[in-house]
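*Asks:* Structure file model.csv, CSV, C-alpha atoms and all ligand atoms, is pasted below:
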chain,number,residue,atom,x,y,z
A,18,MET,CA,0.0,0.0,0.0
A,19,ALA,CA,1.3,3.4,-0.8
A,20,THR,CA,2.4,5.5,2.1
A,21,PRO,CA,0.0,8.4,2.7
A,22,GLN,CA,1.8,11.7,2.4
A,23,LEU,CA,1.1,15.3,3.2
A,24,THR,CA,2.9,18.0,1.3
A,25,ILE,CA,3.3,21.3,3.0
A,26,GLY,CA,5.1,24.5,2.2
A,27,ILE,CA,5.1,28.3,2.5
A,28,GLY,CA,4.6,30.9,-0.1
A,29,ARG,CA,1.1,29.8,-1.4
A,30,GLY,CA,-1.5,32.0,-3.1
A,31,PRO,CA,-0.6,35.4,-4.6
A,32,LEU,CA,2.9,35.3,-3.0
A,33,MET,CA,3.6,32.0,-4.8
A,34,TRP,CA,2.6,33.5,-8.1
A,35,LEU,CA,4.8,36.5,-7.5
A,36,ALA,CA,7.7,34.3,-6.6
A,37,LEU,CA,7.1,32.3,-9.9
A,38,LEU,CA,7.0,35.5,-11.9
A,39,TRP,CA,10.2,36.6,-10.3
A,40,ALA,CA,11.9,33.3,-11.0
A,41,THR,CA,10.9,33.5,-14.7
A,42,VAL,CA,12.3,37.1,-15.0
A,43,ALA,CA,15.5,36.0,-13.3
A,44,VAL,CA,16.3,33.3,-15.9
A,45,GLY,CA,20.1,33.4,-16.4
A,46,CYS,CA,20.8,34.7,-12.9
A,47,SER,CA,21.2,32.3,-10.0
A,48,ALA,CA,17.8,31.4,-8.6
A,49,PRO,CA,16.8,32.9,-5.3
A,50,ARG,CA,17.4,30.6,-2.4
A,51,LYS,CA,14.3,29.9,-0.3
A,52,PRO,CA,12.8,27.2,1.9
A,53,ALA,CA,11.1,24.6,-0.3
A,54,PRO,CA,8.1,22.5,0.5
A,55,LEU,CA,8.9,19.2,2.2
A,56,THR,CA,6.9,15.9,2.2
A,57,ILE,CA,5.9,14.8,5.7
A,58,HIS,CA,5.4,11.0,5.5
A,59,ALA,CA,2.8,9.5,7.8
A,60,PRO,CA,4.1,7.5,10.8
A,61,PRO,CA,6.3,5.6,11.2
A,62,VAL,CA,8.5,8.4,9.9
A,63,ALA,CA,11.6,6.4,10.7
A,64,ALA,CA,10.8,3.7,8.1
A,65,VAL,CA,11.1,6.3,5.3
A,66,ASP,CA,14.3,7.8,6.8
A,67,ARG,CA,16.0,4.4,7.0
A,68,ALA,CA,15.8,4.1,3.2
A,69,ARG,CA,18.0,7.2,3.1
A,70,ASP,CA,20.6,5.8,5.5
A,71,ALA,CA,22.3,3.7,2.8
A,72,TRP,CA,23.8,6.8,1.1
A,73,GLN,CA,23.4,9.5,3.8
A,74,LEU,CA,25.5,7.6,6.4
A,75,PRO,CA,24.0,9.5,9.4
A,76,GLN,CA,26.0,7.7,12.1
A,77,TRP,CA,29.2,8.3,10.2
A,78,ILE,CA,28.3,12.0,9.9
A,79,VAL,CA,27.7,12.2,13.7
A,80,GLU,CA,31.0,10.6,14.4
A,81,ARG,CA,32.8,13.2,12.2
A,82,MET,CA,31.1,15.9,14.3
A,83,ARG,CA,32.9,14.5,17.4
A,84,LEU,CA,29.8,14.9,19.5
A,85,GLU,CA,30.2,14.0,23.1
A,86,PRO,CA,27.7,13.3,25.9
A,87,GLY,CA,26.6,16.6,27.4
A,88,MET,CA,27.3,18.7,24.3
A,89,VAL,CA,24.8,21.2,22.8
A,90,VAL,CA,24.1,20.8,19.1
A,91,ALA,CA,21.8,22.6,16.7
A,92,ASP,CA,20.3,21.1,13.5
A,93,ILE,CA,19.7,24.2,11.3
A,94,GLY,CA,16.9,23.5,8.9
A,95,ALA,CA,15.9,20.2,10.6
A,96,GLY,CA,13.1,19.6,8.1
A,97,THR,CA,11.2,16.5,9.1
A,98,GLY,CA,13.8,15.6,11.6
A,99,TYR,CA,15.9,13.0,9.8
A,100,LEU,CA,19.1,13.6,11.8
A,101,LEU,CA,17.5,14.2,15.2
A,102,PRO,CA,17.6,10.6,16.6
A,103,PHE,CA,21.3,10.4,15.8
A,104,LEU,CA,22.2,13.7,17.3
A,105,SER,CA,20.0,13.0,20.3
A,106,ARG,CA,21.7,9.7,21.0
A,107,ALA,CA,25.2,11.2,20.6
A,108,VAL,CA,24.8,14.0,23.2
A,109,GLY,CA,22.8,11.8,25.6
A,110,PRO,CA,20.4,12.8,28.4
A,111,GLU,CA,22.8,15.5,29.7
A,112,GLY,CA,23.1,17.1,26.3
A,113,LYS,CA,20.8,19.2,24.2
A,114,VAL,CA,19.7,19.2,20.6
A,115,TYR,CA,18.0,22.3,19.1
A,116,ALA,CA,16.0,21.4,16.0
A,117,VAL,CA,15.8,24.7,14.1
A,118,GLU,CA,13.2,25.3,11.4
A,119,ILE,CA,11.8,28.3,9.6
A,120,GLN,CA,8.5,26.7,8.4
A,121,PRO,CA,6.0,26.7,11.2
A,122,GLN,CA,4.3,23.5,9.9
A,123,LEU,CA,7.6,21.7,10.3
A,124,VAL,CA,8.1,23.1,13.7
A,125,ASP,CA,4.9,21.6,14.7
A,126,HIS,CA,5.8,18.3,13.0
A,127,LEU,CA,9.2,18.2,14.7
A,128,ARG,CA,7.7,18.7,18.2
A,129,LYS,CA,5.3,15.8,17.5
A,130,ARG,CA,8.1,13.6,16.2
A,131,ALA,CA,10.4,14.3,19.2
A,132,ALA,CA,7.5,13.4,21.5
A,133,ALA,CA,6.5,10.3,19.6
A,134,GLU,CA,10.1,9.0,19.5
A,135,HIS,CA,10.9,10.1,23.1
A,136,LEU,CA,13.7,12.3,22.0
A,137,ASP,CA,13.6,14.1,25.4
A,138,ASN,CA,16.7,16.2,24.9
A,139,VAL,CA,15.4,17.8,21.7
A,140,GLU,CA,13.9,21.3,21.7
A,141,VAL,CA,12.4,22.8,18.6
A,142,VAL,CA,13.2,26.4,17.7
A,143,LEU,CA,11.5,28.6,15.1
A,144,SER,CA,14.1,30.7,13.2
A,145,THR,CA,14.0,33.6,10.8
A,146,GLU,CA,15.9,34.2,7.6
A,147,THR,CA,18.7,35.9,9.5
A,148,ASP,CA,18.9,34.2,12.9
A,149,ALA,CA,18.1,31.2,15.0
A,150,PRO,CA,17.2,32.3,18.5
A,151,LEU,CA,18.9,29.6,20.4
A,152,PRO,CA,18.6,29.8,24.2
A,153,GLN,CA,22.3,29.0,24.9
A,154,PRO,CA,25.6,28.9,23.0
A,155,VAL,CA,26.1,25.6,21.1
A,156,ASP,CA,29.2,23.4,20.6
A,157,ARG,CA,28.2,22.1,17.2
A,158,MET,CA,25.8,23.1,14.3
A,159,ILE,CA,24.9,21.2,11.2
A,160,LEU,CA,23.2,22.3,8.0
A,161,LEU,CA,22.2,19.2,6.2
A,162,HIS,CA,20.7,20.1,2.8
A,163,SER,CA,19.5,23.4,4.2
A,164,TYR,CA,22.4,25.7,3.2
A,165,ARG,CA,21.0,25.9,-0.3
A,166,GLU,CA,17.7,27.2,1.0
A,167,LEU,CA,19.1,30.0,3.2
A,168,ALA,CA,17.6,33.2,1.7
A,169,GLN,CA,20.3,35.3,3.4
A,170,PRO,CA,23.2,33.0,3.8
A,171,ILE,CA,25.9,35.4,4.9
A,172,GLU,CA,23.6,37.2,7.4
A,173,MET,CA,22.4,33.8,8.7
A,174,LEU,CA,26.0,32.4,9.1
A,175,ARG,CA,27.1,35.6,10.9
A,176,ALA,CA,24.3,35.1,13.4
A,177,LEU,CA,24.9,31.4,13.7
A,178,LYS,CA,28.6,32.2,14.5
A,179,GLN,CA,27.5,34.4,17.3
A,180,ARG,CA,25.3,31.6,18.6
A,181,MET,CA,28.3,29.2,18.7
A,182,GLN,CA,31.0,28.8,21.4
A,183,PRO,CA,34.3,30.3,20.3
A,184,THR,CA,35.6,26.7,19.9
A,185,GLY,CA,32.4,25.6,18.2
A,186,ARG,CA,32.2,23.8,14.8
A,187,LEU,CA,29.7,24.2,12.1
A,188,PHE,CA,29.1,21.5,9.5
A,189,VAL,CA,27.6,21.9,6.0
A,190,ILE,CA,26.5,19.0,3.8
A,191,GLU,CA,25.2,19.7,0.3
A,192,PHE,CA,24.9,17.6,-2.9
A,193,LEU,CA,27.9,17.8,-5.1
A,194,PRO,CA,27.4,19.1,-8.7
A,195,PRO,CA,27.0,17.8,-11.3
A,196,PRO,CA,24.1,15.3,-10.8
A,197,ASP,CA,25.3,11.9,-9.6
A,198,PRO,CA,25.5,9.5,-12.5
A,199,SER,CA,25.1,6.4,-10.3
A,200,GLY,CA,21.4,6.1,-11.0
A,201,LEU,CA,20.6,6.0,-7.3
A,202,PRO,CA,17.1,7.4,-6.6
A,203,LEU,CA,18.4,10.5,-4.8
A,204,PRO,CA,16.1,13.4,-4.0
A,205,LEU,CA,18.5,15.7,-6.0
A,206,PRO,CA,17.6,19.3,-5.8
A,207,ASP,CA,16.9,21.3,-8.9
A,208,GLU,CA,20.2,22.4,-10.5
A,209,LYS,CA,19.2,26.0,-10.2
A,210,VAL,CA,19.0,25.8,-6.4
A,211,ARG,CA,22.3,24.0,-5.9
A,212,VAL,CA,25.1,25.8,-4.2
A,213,GLU,CA,28.7,25.1,-5.3
A,214,PRO,CA,31.1,24.2,-2.5
A,215,ALA,CA,33.3,27.2,-3.5
A,216,THR,CA,30.3,29.5,-3.0
A,217,ILE,CA,29.5,28.0,0.4
A,218,GLU,CA,33.2,28.5,1.5
A,219,ALA,CA,33.3,32.0,0.1
A,220,GLU,CA,30.1,33.0,1.8
A,221,ALA,CA,31.2,31.5,5.1
A,222,ARG,CA,34.5,33.4,4.9
A,223,GLY,CA,32.4,36.6,4.5
A,224,ALA,CA,30.6,35.6,7.7
A,225,GLY,CA,33.9,35.0,9.6
A,226,LEU,CA,33.9,31.2,9.4
A,227,LEU,CA,36.7,29.2,7.7
A,228,ALA,CA,36.5,25.7,6.3
A,229,THR,CA,39.3,23.7,8.0
A,230,GLN,CA,38.3,20.2,7.1
A,231,ARG,CA,36.6,18.6,4.1
A,232,TYR,CA,35.4,15.0,4.4
A,233,THR,CA,35.3,12.8,1.3
A,234,GLY,CA,33.4,9.8,2.8
A,235,LEU,CA,29.9,10.7,1.6
A,236,PRO,CA,29.3,9.3,-1.9
A,237,HIS,CA,27.2,12.2,-3.3
A,238,GLN,CA,27.8,15.1,-1.0
A,239,PHE,CA,30.2,17.9,-0.1
A,240,PHE,CA,30.8,17.8,3.6
A,241,ALA,CA,32.9,20.4,5.4
A,242,MET,CA,33.7,21.7,8.9
A,243,PHE,CA,33.9,25.4,9.6
A,244,VAL,CA,35.4,27.2,12.6
A,245,HIS,CA,35.5,30.8,13.8
A,246,SER,CA,38.1,32.5,11.6
A,247,GLU,CA,39.7,34.0,14.7
A,248,GLU,CA,40.6,30.5,15.9
A,249,VAL,CA,42.7,30.0,12.7
A,250,THR,CA,43.9,33.6,12.2
A,251,PRO,CA,44.3,35.2,15.6
A,252,ALA,CA,44.0,39.0,15.5
A,253,ALA,CA,47.3,40.5,14.2
A,254,PRO,CA,49.4,42.0,17.0
A,255,ALA,CA,49.3,45.8,17.1
A,256,PRO,CA,52.0,47.1,14.8
A,257,ARG,CA,55.3,48.2,16.5
A,258,VAL,CA,55.7,51.9,16.2
A,259,GLU,CA,59.3,52.9,15.4
A,260,PRO,CA,60.4,56.4,16.2
A,261,ASP,CA,60.4,58.5,13.0
A,262,PRO,CA,64.0,59.7,12.6
A,263,ALA,CA,62.7,62.7,10.6
A,264,ALA,CA,60.6,63.7,13.6
A,265,GLN,CA,63.5,63.6,16.1
A,266,GLU,CA,64.3,66.7,18.0
A,267,PRO,CA,67.4,68.4,16.4
A,268,ALA,CA,70.5,67.7,18.4
A,269,ALA,CA,71.4,70.6,20.8
A,270,LYS,CA,74.2,72.7,19.4
A,301,LIG,C1,15.9,20.2,2.0
A,301,LIG,S1,15.3,20.5,3.6
A,301,LIG,C2,16.5,19.5,4.5
A,301,LIG,C3,15.9,19.0,5.8
A,301,LIG,C4,16.8,18.1,6.7
A,301,LIG,N1,18.0,18.7,7.1
A,301,LIG,C5,17.1,16.8,5.9
A,301,LIG,O1,18.3,16.7,5.4
A,301,LIG,O2,16.3,16.0,5.8
A,301,LIG,C6,15.9,22.1,4.0
A,301,LIG,C7,15.2,22.7,5.3
A,301,LIG,O3,15.8,23.9,5.6
A,301,LIG,C8,14.8,24.8,6.1
A,301,LIG,N2,15.2,26.2,6.1
A,301,LIG,C9,15.4,27.0,5.0
A,301,LIG,N3,15.9,28.2,5.4
A,301,LIG,C10,15.9,28.2,6.8
A,301,LIG,C11,16.3,29.1,7.8
A,301,LIG,N4,16.7,30.3,7.5
A,301,LIG,N5,16.3,28.7,9.1
A,301,LIG,C12,15.9,27.4,9.4
A,301,LIG,N6,15.5,26.5,8.5
A,301,LIG,C13,15.6,26.9,7.2
A,301,LIG,C14,13.6,24.5,5.2
A,301,LIG,O4,12.4,24.9,5.8
A,301,LIG,C15,13.7,23.0,5.0
A,301,LIG,O5,12.9,22.3,5.9
Could you render the structure as structure tokens?
*Replies:*
Amino acid sequence: MATPQLTIGIGRGPLMWLALLWATVAVGCSAPRKPAPLTIHAPPVAAVDRARDAWQLPQWIVERMRLEPGMVVADIGAGTGYLLPFLSRAVGPEGKVYAVEIQPQLVDHLRKRAAAEHLDNVEVVLSTETDAPLPQPVDRMILLHSYRELAQPIEMLRALKQRMQPTGRLFVIEFLPPPDPSGLPLPLPDEKVRVEPATIEAEARGAGLLATQRYTGLPHQFFAMFVHSEEVTPAAPAPRVEPDPAAQEPAAK
């Protein structure tokens, strides 16, 4: 029997038509990035997610994030909550997972999912295009397939950096262009809304975050770790001021 599905999204009605018109006019330019509708599968959600594990390798991702019990982690653009069980387990009952979403319908869904799956250390947070109002500084952040939907990526990254501990780490995972030729049934995003790894790294630099590690273990995806740029390039010491010989007092005669 086919799994019943509910498709939700934002930007319906006149706004959606305006957005479509804008997209048509903007042919040739890069498409605006914006949150896209997601399919919420009827319970058990986990059964749908498990089909993704074969290529997404969620446990492997969580290990690369070096999560420890008691840590605070934020899943930015948590969607339907694919990664939450893994993050929740890794930080344990003493830790905290913030599931951050901009679409209110998904916020609602995430709350229900966390309750249904007894993910007691998960708290759901409604974000804006430019900030995620997290109640406390976090040790780790991850954007799994959500970077490409950030409408204001540099502003958002700047805000996320402020929400992270100075030693915090931010991880980004996005599909690698060009489309994967393996024939796997991947939910590949439209070419127009893909973001090149070089663009992600440049935008992150603009927000004060540097890529210090790229992982090659995911078959179809770019996966990189970003740190506060100050951690890599400490503020330059104040320049030494040499006395200007030309400005010296003339020697007494
Ligand atoms: C393609 S989905 C990925 C969901 C999930 N991370 C996954 O891999 O299954 C991208 C999600 O990012 C969310 N999103 C887009 N912009 C956002 C923002 N500024 N803050 C939080 N979430 C955002 C969208 O609403 C959408 O649910």
*Asks:* Which polymer residues have any atom within 10 Å of an atom of segment 115-120 of chain A, counting all atoms listed in the file, with same-chain residues fewer than 2 positions away left out, as a VMD selection string?
*Replies:* chain A and resid 25 to 27 52 to 55 89 to 98 100 to 101 104 to 105 113 122 to 128 131 138 to 146 148 to 153 155 158 160 163 167
*Asks:* How would the residues just chosen look if you wrote them out with C-alpha atoms as a compact mmCIF listing (two decimals), keeping the file's coordinate frame?
*Replies:*
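Output (result_13.txt):
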# COMPACT_ATOMS: atom_id res chain seq x y z
CA ILE A 25 3.30 21.30 3.00
CA GLY A 26 5.10 24.50 2.20
CA ILE A 27 5.10 28.30 2.50
CA PRO A 52 12.80 27.20 1.90
CA ALA A 53 11.10 24.60 -0.30
CA PRO A 54 8.10 22.50 0.50
CA LEU A 55 8.90 19.20 2.20
CA VAL A 89 24.80 21.20 22.80
CA VAL A 90 24.10 20.80 19.10
CA ALA A 91 21.80 22.60 16.70
CA ASP A 92 20.30 21.10 13.50
CA ILE A 93 19.70 24.20 11.30
CA GLY A 94 16.90 23.50 8.90
CA ALA A 95 15.90 20.20 10.60
CA GLY A 96 13.10 19.60 8.10
CA THR A 97 11.20 16.50 9.10
CA GLY A 98 13.80 15.60 11.60
CA LEU A 100 19.10 13.60 11.80
CA LEU A 101 17.50 14.20 15.20
CA LEU A 104 22.20 13.70 17.30
CA SER A 105 20.00 13.00 20.30
CA LYS A 113 20.80 19.20 24.20
CA GLN A 122 4.30 23.50 9.90
CA LEU A 123 7.60 21.70 10.30
CA VAL A 124 8.10 23.10 13.70
CA ASP A 125 4.90 21.60 14.70
CA HIS A 126 5.80 18.30 13.00
CA LEU A 127 9.20 18.20 14.70
CA ARG A 128 7.70 18.70 18.20
CA ALA A 131 10.40 14.30 19.20
CA ASN A 138 16.70 16.20 24.90
CA VAL A 139 15.40 17.80 21.70
CA GLU A 140 13.90 21.30 21.70
CA VAL A 141 12.40 22.80 18.60
CA VAL A 142 13.20 26.40 17.70
CA LEU A 143 11.50 28.60 15.10
CA SER A 144 14.10 30.70 13.20
CA THR A 145 14.00 33.60 10.80
CA GLU A 146 15.90 34.20 7.60
CA ASP A 148 18.90 34.20 12.90
CA ALA A 149 18.10 31.20 15.00
CA PRO A 150 17.20 32.30 18.50
CA LEU A 151 18.90 29.60 20.40
CA PRO A 152 18.60 29.80 24.20
CA GLN A 153 22.30 29.00 24.90
CA VAL A 155 26.10 25.60 21.10
CA MET A 158 25.80 23.10 14.30
CA LEU A 160 23.20 22.30 8.00
CA SER A 163 19.50 23.40 4.20
CA LEU A 167 19.10 30.00 3.20
*Asks:* I need the residue nearest Glu247 of chain A from this list: A:Ala219, A:Pro86, A:Thr184, A:Arg106. Use all atoms listed in the file for the distance.
*Replies:* A:Thr184
*Asks:* Which residue out of A:Arg81, A:Phe192, A:Leu187, A:Gln169 has the minimum interatomic distance to Pro214 of chain A when all atoms listed in the file are used?
*Replies:* A:Phe192
*Asks:* Find the distance between atom C13 of ligand LIG 301 (chain A) and atom CA of Leu177 of chain A and write it in Å to one decimal.
*Replies:*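 It comes out at 12.2 Å.
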*Asks:* Which residue is closest to ligand LIG 301 (chain A)? Choose from A:Leu193, A:Ala71, A:Ala107, A:Ala176 and count only C-alpha atoms and all ligand atoms.
*Replies:*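 Among the listed residues, A:Ala176 lies closest to ligand LIG 301 (chain A).
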